[in-house]
$ cat my_file38.csv   # CSV, N, CA and C atoms
chain,number,residue,atom,x,y,z
F,486,MET,N,9.0,-132.5,-84.5
F,486,MET,CA,8.7,-132.2,-85.9
F,486,MET,C,7.3,-132.7,-86.2
F,487,SER,N,6.5,-131.8,-86.8
F,487,SER,CA,5.1,-132.2,-87.0
F,487,SER,C,4.6,-131.7,-88.4
F,488,VAL,N,3.4,-132.1,-88.7
F,488,VAL,CA,2.7,-131.7,-89.9
F,488,VAL,C,2.2,-130.3,-89.8
F,489,LEU,N,2.4,-129.5,-90.8
F,489,LEU,CA,1.9,-128.1,-90.8
F,489,LEU,C,0.4,-128.1,-91.1
F,490,LYS,N,-0.3,-127.5,-90.2
F,490,LYS,CA,-1.8,-127.4,-90.4
F,490,LYS,C,-2.2,-125.9,-90.5
F,491,PRO,N,-3.1,-125.6,-91.4
F,491,PRO,CA,-3.4,-124.1,-91.6
F,491,PRO,C,-4.1,-123.5,-90.4
F,492,LEU,N,-4.9,-124.2,-89.6
F,492,LEU,CA,-5.6,-123.6,-88.6
F,492,LEU,C,-5.2,-124.0,-87.2
F,493,ASP,N,-3.9,-124.3,-87.0
F,493,ASP,CA,-3.4,-124.8,-85.7
F,493,ASP,C,-3.1,-123.6,-84.8
F,494,LYS,N,-3.0,-122.4,-85.3
F,494,LYS,CA,-2.8,-121.2,-84.5
F,494,LYS,C,-3.8,-120.1,-84.8
F,495,LEU,N,-4.0,-119.2,-83.9
F,495,LEU,CA,-4.9,-118.1,-84.2
F,495,LEU,C,-4.1,-117.1,-85.1
F,496,PRO,N,-4.9,-116.5,-86.0
F,496,PRO,CA,-4.2,-115.5,-86.9
F,496,PRO,C,-3.8,-114.2,-86.1
F,497,ALA,N,-2.8,-113.5,-86.5
F,497,ALA,CA,-2.4,-112.2,-86.0
F,497,ALA,C,-3.2,-111.2,-86.7
F,498,LEU,N,-3.6,-110.1,-86.0
F,498,LEU,CA,-4.4,-109.0,-86.6
F,498,LEU,C,-3.5,-108.3,-87.7
F,499,ASN,N,-4.1,-108.2,-88.9
F,499,ASN,CA,-3.5,-107.4,-90.0
F,499,ASN,C,-2.1,-107.9,-90.4
F,500,THR,N,-1.9,-109.2,-90.2
F,500,THR,CA,-0.6,-109.8,-90.5
F,500,THR,C,-0.8,-111.1,-91.4
F,501,ALA,N,0.1,-111.2,-92.4
F,501,ALA,CA,0.1,-112.4,-93.2
F,501,ALA,C,1.5,-113.0,-93.1
F,502,THR,N,1.6,-114.3,-93.0
F,502,THR,CA,2.9,-115.0,-92.9
F,502,THR,C,3.1,-116.0,-94.0
F,503,GLY,N,4.1,-115.8,-94.8
F,503,GLY,CA,4.4,-116.8,-95.9
F,503,GLY,C,5.6,-117.6,-95.6
F,504,LEU,N,5.7,-118.8,-96.1
F,504,LEU,CA,6.8,-119.7,-95.9
F,504,LEU,C,7.3,-120.1,-97.3
F,505,LEU,N,8.6,-119.7,-97.6
F,505,LEU,CA,9.2,-120.1,-98.9
F,505,LEU,C,10.1,-121.3,-98.6
F,506,VAL,N,9.8,-122.4,-99.3
F,506,VAL,CA,10.6,-123.6,-99.2
F,506,VAL,C,11.3,-123.9,-100.4
F,507,GLY,N,12.6,-124.1,-100.4
F,507,GLY,CA,13.4,-124.4,-101.5
F,507,GLY,C,14.9,-124.6,-101.1
F,508,THR,N,15.6,-125.2,-102.1
F,508,THR,CA,17.0,-125.6,-101.8
F,508,THR,C,18.0,-124.5,-102.0
F,509,GLU,N,17.6,-123.4,-102.8
F,509,GLU,CA,18.5,-122.4,-103.1
F,509,GLU,C,18.3,-121.1,-102.3
F,510,ASP,N,19.2,-120.9,-101.3
F,510,ASP,CA,19.1,-119.9,-100.3
F,510,ASP,C,19.0,-118.5,-101.0
F,511,ALA,N,19.9,-118.2,-101.9
F,511,ALA,CA,20.0,-116.9,-102.5
F,511,ALA,C,18.7,-116.6,-103.3
F,512,LEU,N,18.2,-117.5,-104.0
F,512,LEU,CA,16.9,-117.3,-104.7
F,512,LEU,C,15.8,-117.0,-103.7
F,513,LEU,N,15.7,-117.8,-102.7
F,513,LEU,CA,14.6,-117.6,-101.7
F,513,LEU,C,14.7,-116.2,-101.0
F,514,GLN,N,16.0,-115.8,-100.7
F,514,GLN,CA,16.2,-114.5,-100.1
F,514,GLN,C,15.8,-113.4,-101.1
F,515,GLN,N,16.1,-113.5,-102.4
F,515,GLN,CA,15.7,-112.5,-103.4
F,515,GLN,C,14.2,-112.4,-103.5
F,516,LEU,N,13.6,-113.5,-103.5
F,516,LEU,CA,12.1,-113.6,-103.6
F,516,LEU,C,11.5,-112.9,-102.4
F,517,ALA,N,12.0,-113.3,-101.2
F,517,ALA,CA,11.5,-112.7,-100.0
F,517,ALA,C,11.7,-111.2,-99.9
F,518,ASP,N,12.8,-110.7,-100.3
F,518,ASP,CA,13.1,-109.3,-100.3
F,518,ASP,C,12.2,-108.6,-101.3
F,519,SER,N,11.9,-109.2,-102.4
F,519,SER,CA,11.0,-108.6,-103.4
F,519,SER,C,9.6,-108.5,-102.9
F,520,MET,N,9.2,-109.5,-102.2
F,520,MET,CA,7.8,-109.5,-101.6
F,520,MET,C,7.7,-108.5,-100.5
F,521,LEU,N,8.7,-108.3,-99.7
F,521,LEU,CA,8.7,-107.4,-98.6
F,521,LEU,C,8.8,-105.9,-99.1
F,522,LYS,N,9.3,-105.7,-100.3
F,522,LYS,CA,9.3,-104.3,-100.8
F,522,LYS,C,8.0,-103.8,-101.3
F,523,GLU,N,7.1,-104.7,-101.6
F,523,GLU,CA,5.8,-104.3,-102.1
F,523,GLU,C,5.0,-103.6,-101.0
F,524,ASP,N,4.3,-102.6,-101.4
F,524,ASP,CA,3.4,-101.9,-100.4
F,524,ASP,C,2.1,-102.6,-100.3
F,525,CYS,N,1.7,-102.9,-99.0
F,525,CYS,CA,0.4,-103.5,-98.8
F,525,CYS,C,-0.1,-103.0,-97.5
F,526,ALA,N,-1.4,-103.1,-97.3
F,526,ALA,CA,-2.1,-102.5,-96.1
F,526,ALA,C,-1.8,-103.3,-94.9
F,527,SER,N,-1.5,-104.6,-95.0
F,527,SER,CA,-1.2,-105.5,-93.8
F,527,SER,C,0.3,-105.7,-93.7
F,528,GLU,N,0.7,-106.2,-92.6
F,528,GLU,CA,2.1,-106.5,-92.4
F,528,GLU,C,2.4,-107.9,-93.0
F,529,LEU,N,3.4,-108.0,-93.8
F,529,LEU,CA,3.8,-109.2,-94.4
F,529,LEU,C,5.1,-109.8,-93.7
F,530,ARG,N,5.0,-111.0,-93.3
F,530,ARG,CA,6.2,-111.7,-92.8
F,530,ARG,C,6.5,-112.8,-93.7
F,531,VAL,N,7.8,-113.0,-94.0
F,531,VAL,CA,8.2,-114.1,-94.9
F,531,VAL,C,9.3,-114.9,-94.1
F,532,HIS,N,9.1,-116.2,-94.1
F,532,HIS,CA,10.1,-117.1,-93.5
F,532,HIS,C,10.6,-118.0,-94.6
F,533,LEU,N,11.9,-118.5,-94.4
F,533,LEU,CA,12.6,-119.3,-95.4
F,533,LEU,C,12.9,-120.7,-94.8
F,534,ALA,N,12.8,-121.7,-95.6
F,534,ALA,CA,13.2,-123.0,-95.1
F,534,ALA,C,13.7,-123.8,-96.3
F,535,LYS,N,14.7,-124.6,-96.0
F,535,LYS,CA,15.3,-125.5,-97.1
F,535,LYS,C,14.3,-126.7,-97.3
F,536,SER,N,13.7,-127.2,-96.3
F,536,SER,CA,12.8,-128.3,-96.4
F,536,SER,C,11.9,-128.4,-95.2
F,537,LEU,N,10.9,-129.2,-95.3
F,537,LEU,CA,10.0,-129.5,-94.1
F,537,LEU,C,10.3,-130.9,-93.6
F,538,PRO,N,10.0,-131.2,-92.4
F,538,PRO,CA,9.3,-130.5,-91.4
F,538,PRO,C,10.1,-129.4,-90.7
F,539,LEU,N,9.4,-128.4,-90.2
F,539,LEU,CA,10.0,-127.4,-89.4
F,539,LEU,C,10.2,-127.9,-88.0
F,540,PRO,N,11.2,-127.4,-87.2
F,540,PRO,CA,11.3,-127.9,-85.8
F,540,PRO,C,10.1,-127.5,-85.0
F,541,SER,N,9.6,-128.4,-84.2
F,541,SER,CA,8.4,-128.2,-83.4
F,541,SER,C,8.6,-127.4,-82.2
F,542,ASN,N,9.9,-127.3,-81.7
F,542,ASN,CA,10.2,-126.6,-80.5
F,542,ASN,C,10.3,-125.1,-80.6
F,543,VAL,N,10.0,-124.6,-81.8
F,543,VAL,CA,10.2,-123.1,-82.1
F,543,VAL,C,8.8,-122.5,-82.0
F,544,ASN,N,8.7,-121.3,-81.3
F,544,ASN,CA,7.5,-120.6,-81.3
F,544,ASN,C,7.4,-119.7,-82.6
F,545,ARG,N,6.5,-120.1,-83.5
F,545,ARG,CA,6.4,-119.4,-84.8
F,545,ARG,C,5.0,-119.0,-85.0
F,546,PRO,N,4.7,-118.0,-85.9
F,546,PRO,CA,3.4,-117.6,-86.1
F,546,PRO,C,2.6,-118.6,-87.0
F,547,ARG,N,1.4,-118.4,-87.2
F,547,ARG,CA,0.5,-119.2,-88.1
F,547,ARG,C,1.0,-118.9,-89.5
F,548,ILE,N,1.1,-119.9,-90.3
F,548,ILE,CA,1.6,-119.8,-91.7
F,548,ILE,C,0.4,-119.7,-92.6
F,549,ASP,N,0.2,-118.7,-93.4
F,549,ASP,CA,-0.9,-118.5,-94.2
F,549,ASP,C,-0.7,-119.0,-95.6
F,550,LEU,N,0.5,-119.0,-96.1
F,550,LEU,CA,0.8,-119.5,-97.4
F,550,LEU,C,2.2,-120.2,-97.5
F,551,ILE,N,2.2,-121.3,-98.2
F,551,ILE,CA,3.5,-122.0,-98.4
F,551,ILE,C,3.8,-122.0,-99.9
F,552,VAL,N,5.0,-121.5,-100.2
F,552,VAL,CA,5.4,-121.4,-101.6
F,552,VAL,C,6.6,-122.4,-101.8
F,553,PHE,N,6.4,-123.5,-102.5
F,553,PHE,CA,7.5,-124.4,-102.8
F,553,PHE,C,8.2,-123.9,-104.1
F,554,VAL,N,9.5,-123.6,-104.0
F,554,VAL,CA,10.2,-123.1,-105.1
F,554,VAL,C,11.1,-124.3,-105.7
F,555,ILE,N,10.9,-124.6,-107.0
F,555,ILE,CA,11.5,-125.7,-107.6
F,555,ILE,C,12.4,-125.2,-108.8
F,556,ASN,N,13.6,-125.6,-108.8
F,556,ASN,CA,14.5,-125.3,-109.9
F,556,ASN,C,14.4,-126.5,-110.9
F,557,LEU,N,13.9,-126.2,-112.1
F,557,LEU,CA,13.8,-127.3,-113.0
F,557,LEU,C,15.1,-127.9,-113.5
F,558,HIS,N,16.2,-127.2,-113.3
F,558,HIS,CA,17.5,-127.7,-113.7
F,558,HIS,C,18.1,-128.7,-112.7
F,559,SER,N,17.4,-128.8,-111.5
F,559,SER,CA,18.0,-129.6,-110.4
F,559,SER,C,17.0,-130.7,-110.0
F,560,LYS,N,17.3,-131.9,-110.2
F,560,LYS,CA,16.5,-133.0,-109.7
F,560,LYS,C,16.4,-133.0,-108.2
F,561,TYR,N,17.5,-132.6,-107.6
F,561,TYR,CA,17.6,-132.5,-106.1
F,561,TYR,C,16.6,-131.6,-105.6
F,562,SER,N,16.3,-130.5,-106.3
F,562,SER,CA,15.3,-129.5,-105.8
F,562,SER,C,13.9,-130.1,-105.8
F,563,LEU,N,13.6,-130.8,-106.9
F,563,LEU,CA,12.3,-131.5,-107.0
F,563,LEU,C,12.1,-132.6,-105.9
F,564,GLN,N,13.2,-133.3,-105.6
F,564,GLN,CA,13.1,-134.4,-104.6
F,564,GLN,C,12.9,-133.8,-103.2
F,565,HIS,N,13.5,-132.6,-102.9
F,565,HIS,CA,13.3,-132.0,-101.6
F,565,HIS,C,11.8,-131.5,-101.5
F,566,VAL,N,11.3,-131.0,-102.5
F,566,VAL,CA,9.9,-130.6,-102.5
F,566,VAL,C,9.0,-131.8,-102.3
F,567,GLN,N,9.2,-132.8,-103.0
F,567,GLN,CA,8.4,-134.0,-102.9
F,567,GLN,C,8.4,-134.6,-101.4
F,568,GLU,N,9.6,-134.6,-100.8
F,568,GLU,CA,9.8,-135.1,-99.5
F,568,GLU,C,9.1,-134.1,-98.5
F,569,SER,N,9.1,-132.8,-98.7
F,569,SER,CA,8.5,-131.9,-97.8
F,569,SER,C,7.0,-131.9,-97.9
F,570,LEU,N,6.4,-132.3,-99.0
F,570,LEU,CA,5.0,-132.4,-99.1
F,570,LEU,C,4.3,-133.3,-98.1
F,571,ARG,N,5.1,-134.3,-97.6
F,571,ARG,CA,4.6,-135.3,-96.6
F,571,ARG,C,4.3,-134.6,-95.3
F,572,HIS,N,4.9,-133.4,-95.1
F,572,HIS,CA,4.8,-132.7,-93.8
F,572,HIS,C,3.8,-131.6,-93.9
F,573,VAL,N,2.9,-131.6,-94.9
F,573,VAL,CA,1.9,-130.5,-95.0
F,573,VAL,C,0.5,-131.2,-95.0
F,574,ASP,N,-0.3,-130.7,-94.1
F,574,ASP,CA,-1.7,-131.2,-94.0
F,574,ASP,C,-2.4,-131.0,-95.3
F,575,ALA,N,-3.3,-131.9,-95.6
F,575,ALA,CA,-4.0,-131.9,-96.9
F,575,ALA,C,-4.9,-130.6,-97.0
F,576,SER,N,-5.4,-130.1,-95.9
F,576,SER,CA,-6.3,-128.9,-96.0
F,576,SER,C,-5.5,-127.6,-96.4
F,577,PHE,N,-4.2,-127.6,-96.3
F,577,PHE,CA,-3.4,-126.5,-96.8
F,577,PHE,C,-3.5,-126.4,-98.3
F,578,PHE,N,-3.8,-127.4,-99.0
F,578,PHE,CA,-3.9,-127.4,-100.4
F,578,PHE,C,-5.1,-126.8,-101.0
F,579,LEU,N,-6.0,-126.3,-100.1
F,579,LEU,CA,-7.2,-125.5,-100.5
F,579,LEU,C,-6.9,-124.0,-100.6
F,580,GLY,N,-6.0,-123.6,-101.4
F,580,GLY,CA,-5.7,-122.2,-101.6
F,580,GLY,C,-4.5,-121.7,-100.8
F,581,ARG,N,-3.8,-122.5,-100.1
F,581,ARG,CA,-2.7,-122.0,-99.2
F,581,ARG,C,-1.3,-122.5,-99.6
F,582,VAL,N,-1.3,-123.2,-100.7
F,582,VAL,CA,0.0,-123.8,-101.2
F,582,VAL,C,0.1,-123.4,-102.7
F,583,CYS,N,1.3,-123.0,-103.1
F,583,CYS,CA,1.6,-122.9,-104.5
F,583,CYS,C,3.0,-123.4,-104.8
F,584,PHE,N,3.2,-123.7,-106.1
F,584,PHE,CA,4.5,-124.2,-106.6
F,584,PHE,C,5.0,-123.2,-107.6
F,585,LEU,N,6.2,-122.7,-107.3
F,585,LEU,CA,6.9,-121.7,-108.2
F,585,LEU,C,8.1,-122.5,-108.8
F,586,SER,N,8.1,-122.7,-110.1
F,586,SER,CA,9.2,-123.3,-110.8
F,586,SER,C,10.0,-122.3,-111.5
F,587,THR,N,11.3,-122.5,-111.4
F,587,THR,CA,12.3,-121.6,-112.1
F,587,THR,C,13.2,-122.4,-113.0
F,588,GLY,N,13.8,-121.8,-114.0
F,588,GLY,CA,14.8,-122.5,-114.8
F,588,GLY,C,14.2,-123.2,-116.0
F,589,GLY,N,13.0,-123.0,-116.3
F,589,GLY,CA,12.3,-123.7,-117.5
F,589,GLY,C,11.4,-122.7,-118.2
F,590,THR,N,11.0,-123.1,-119.4
F,590,THR,CA,10.1,-122.3,-120.1
F,590,THR,C,8.7,-122.9,-120.3
F,591,TYR,N,8.6,-124.2,-120.2
F,591,TYR,CA,7.3,-124.9,-120.5
F,591,TYR,C,7.3,-126.2,-119.8
F,592,VAL,N,6.3,-126.4,-119.0
F,592,VAL,CA,6.1,-127.7,-118.3
F,592,VAL,C,4.6,-127.9,-118.3
F,593,THR,N,4.1,-129.1,-118.7
F,593,THR,CA,2.7,-129.4,-118.7
F,593,THR,C,2.3,-129.8,-117.3
F,594,CYS,N,3.0,-130.6,-116.6
F,594,CYS,CA,2.7,-131.0,-115.2
F,594,CYS,C,3.9,-131.7,-114.6
F,595,LEU,N,4.3,-131.1,-113.5
F,595,LEU,CA,5.4,-131.8,-112.7
F,595,LEU,C,4.8,-132.9,-111.9
F,596,PRO,N,5.5,-134.0,-111.8
F,596,PRO,CA,4.9,-135.1,-111.0
F,596,PRO,C,5.0,-134.9,-109.5
F,597,LEU,N,4.4,-133.8,-109.0
F,597,LEU,CA,4.4,-133.6,-107.6
F,597,LEU,C,3.1,-134.2,-107.0
F,598,LEU,N,2.0,-133.8,-107.5
F,598,LEU,CA,0.7,-134.2,-106.9
F,598,LEU,C,-0.1,-134.8,-108.1
F,599,THR,N,-0.1,-136.1,-108.2
F,599,THR,CA,-0.9,-136.7,-109.3
F,599,THR,C,-1.7,-137.8,-108.7
F,600,GLU,N,-2.9,-137.9,-109.3
F,600,GLU,CA,-3.8,-139.0,-108.8
F,600,GLU,C,-3.4,-140.3,-109.6
F,601,PRO,N,-3.9,-141.4,-109.2
F,601,PRO,CA,-3.5,-142.7,-109.9
F,601,PRO,C,-3.7,-142.7,-111.4
F,602,GLY,N,-4.6,-142.0,-111.9
F,602,GLY,CA,-4.9,-141.9,-113.4
F,602,GLY,C,-3.9,-141.0,-114.1
F,603,GLY,N,-3.0,-140.4,-113.3
F,603,GLY,CA,-2.0,-139.5,-113.9
F,603,GLY,C,-2.4,-138.1,-114.1
F,604,GLN,N,-3.5,-137.7,-113.7
F,604,GLN,CA,-4.0,-136.3,-113.8
F,604,GLN,C,-3.3,-135.5,-112.7
F,605,CYS,N,-2.8,-134.3,-113.1
F,605,CYS,CA,-2.1,-133.4,-112.2
F,605,CYS,C,-3.1,-132.7,-111.3
F,606,LEU,N,-2.8,-132.7,-110.0
F,606,LEU,CA,-3.7,-132.2,-109.0
F,606,LEU,C,-3.2,-130.8,-108.5
F,607,ALA,N,-2.1,-130.3,-108.9
F,607,ALA,CA,-1.6,-129.0,-108.4
F,607,ALA,C,-1.1,-128.2,-109.6
F,608,GLN,N,-1.5,-126.9,-109.6
F,608,GLN,CA,-1.0,-126.0,-110.6
F,608,GLN,C,0.4,-125.6,-110.3
F,609,VAL,N,1.2,-125.6,-111.4
F,609,VAL,CA,2.6,-125.1,-111.2
F,609,VAL,C,2.8,-123.8,-112.0
F,610,THR,N,3.3,-122.8,-111.3
F,610,THR,CA,3.6,-121.5,-111.9
F,610,THR,C,5.0,-121.5,-112.4
F,611,LEU,N,5.2,-121.1,-113.6
F,611,LEU,CA,6.6,-121.0,-114.1
F,611,LEU,C,7.0,-119.5,-114.0
F,612,ALA,N,8.2,-119.3,-113.5
F,612,ALA,CA,8.6,-117.9,-113.3
F,612,ALA,C,9.9,-117.6,-114.1
F,613,GLU,N,9.9,-116.5,-114.8
F,613,GLU,CA,11.1,-116.0,-115.4
F,613,GLU,C,11.1,-114.5,-115.0
F,614,LEU,N,11.8,-114.3,-113.9
F,614,LEU,CA,11.8,-112.9,-113.3
F,614,LEU,C,12.8,-112.1,-114.0
F,615,ARG,N,12.3,-111.0,-114.5
F,615,ARG,CA,13.2,-110.0,-115.2
F,615,ARG,C,12.9,-108.6,-114.6
F,616,GLY,N,13.9,-107.8,-114.7
F,616,GLY,CA,13.7,-106.4,-114.2
F,616,GLY,C,13.8,-106.3,-112.7
F,617,ALA,N,13.6,-105.1,-112.2
F,617,ALA,CA,13.7,-104.8,-110.8
F,617,ALA,C,15.0,-105.4,-110.1
F,618,GLY,N,16.0,-105.4,-110.9
F,618,GLY,CA,17.3,-105.9,-110.4
F,618,GLY,C,17.4,-107.4,-110.2
F,619,LEU,N,16.4,-108.1,-110.6
F,619,LEU,CA,16.5,-109.6,-110.4
F,619,LEU,C,17.1,-110.3,-111.6
F,620,PRO,N,17.9,-111.3,-111.4
F,620,PRO,CA,18.5,-112.0,-112.6
F,620,PRO,C,17.4,-112.9,-113.2
F,621,VAL,N,17.6,-113.3,-114.4
F,621,VAL,CA,16.7,-114.2,-115.0
F,621,VAL,C,16.9,-115.6,-114.4
F,622,LEU,N,15.8,-116.2,-113.9
F,622,LEU,CA,15.8,-117.4,-113.2
F,622,LEU,C,15.5,-118.6,-114.2
$ encode --input "my_file38.csv" --output "structure tokens"
Amino acid sequence: MSVLKPLDKLPALNTATGLLVGTEDALLQQLADSMLKEDCASELRVHLAKSLPLPSNVNRPRIDLIVFVINLHSKYSLQHVQESLRHVDASFFLGRVCFLSTGGTYVTCLPLLTEPGGQCLAQVTLAELRGAGLPVL
């Protein structure tokens, strides 16, 4: 088990690989299915994980984007994300990591990445998915 680094593997031609990390399998699968339905010029691959680190003995493609999915109604969900962040190299946070929170309507800053002064270092996107056959999250 190792730390995920953005440039540890060569990129595949016309392929993007995303990793969805969260505790709710059904939600991750719905999000992955929705992403794969979108028409794009390149091939999109989506992998799911409950938490990090990923097993190191598996031959996997380079990961281009990590999406941490947090359910605001579950403290367990937030704890899993916080523990998983330890296994992501700091250079991933330069445009290759995002946080998607569900189950809430307004949050100023989740205590995921804060500097000692209390300033939030990561933007959190709130999602309320409606339509396209998706339930309200």
$ closest_residue --input "my_file38.csv" --among "F:Ser576, F:Ser586, F:Ser569, F:Ser519" --to "Leu557 (chain F)" --atoms "only C-alpha atoms"
F:Ser586
$ select_by_dssp --input "my_file38.csv" --residues "region 506-600 of chain F" --states "strand (DSSP E or B)" --output "count of residues only"
23
$ residues_around --input "my_file38.csv" --residues "region 549-552 of chain F" --least-positions-apart "6" --cutoff "7 Å" --atoms "all atoms listed in the file" --output "list in words"
Pro491, Ala501, Thr502, Gly503, Leu504, Leu505, Val506, Gly507, Gly580, Arg581, Val582, Cys583, Phe584 and Leu585 of chain F
$ closest_residue --input "my_file38.csv" --among "F:Ala526, F:Asn499, F:Gln514, F:Thr587" --to "Ser559 (chain F)" --atoms "all atoms listed in the file"
F:Thr587
$ atom_distance --input "my_file38.csv" --atom1 "atom N of Pro546 (chain F)" --atom2 "atom C of Val488 (chain F)"
13.1 Å
$ atom_distance --input "my_file38.csv" --atom1 "CA of Leu529 (chain F)" --atom2 "CA of Asp574 (chain F)"
22.7 Å
$ axis_aligned_box --input "my_file38.csv" --around "region 520-528 of chain F" --padding-each-side "4 Å" --output "lines of an AutoDock Vina configuration file"
center_x = 3.6
center_y = -105.7
center_z = -97.3
size_x = 19.4
size_y = 15.6
size_z = 17.8
$ atom_distance --input "my_file38.csv" --atom1 "CA of Gly588 (chain F)" --atom2 "CA of Leu521 (chain F)"
23.0 Å
$ closest_residue --input "my_file38.csv" --among "F:Ala497, F:Thr508, F:Pro538, F:Cys525" --to "Phe553 (chain F)" --atoms "all atoms listed in the file"
F:Thr508
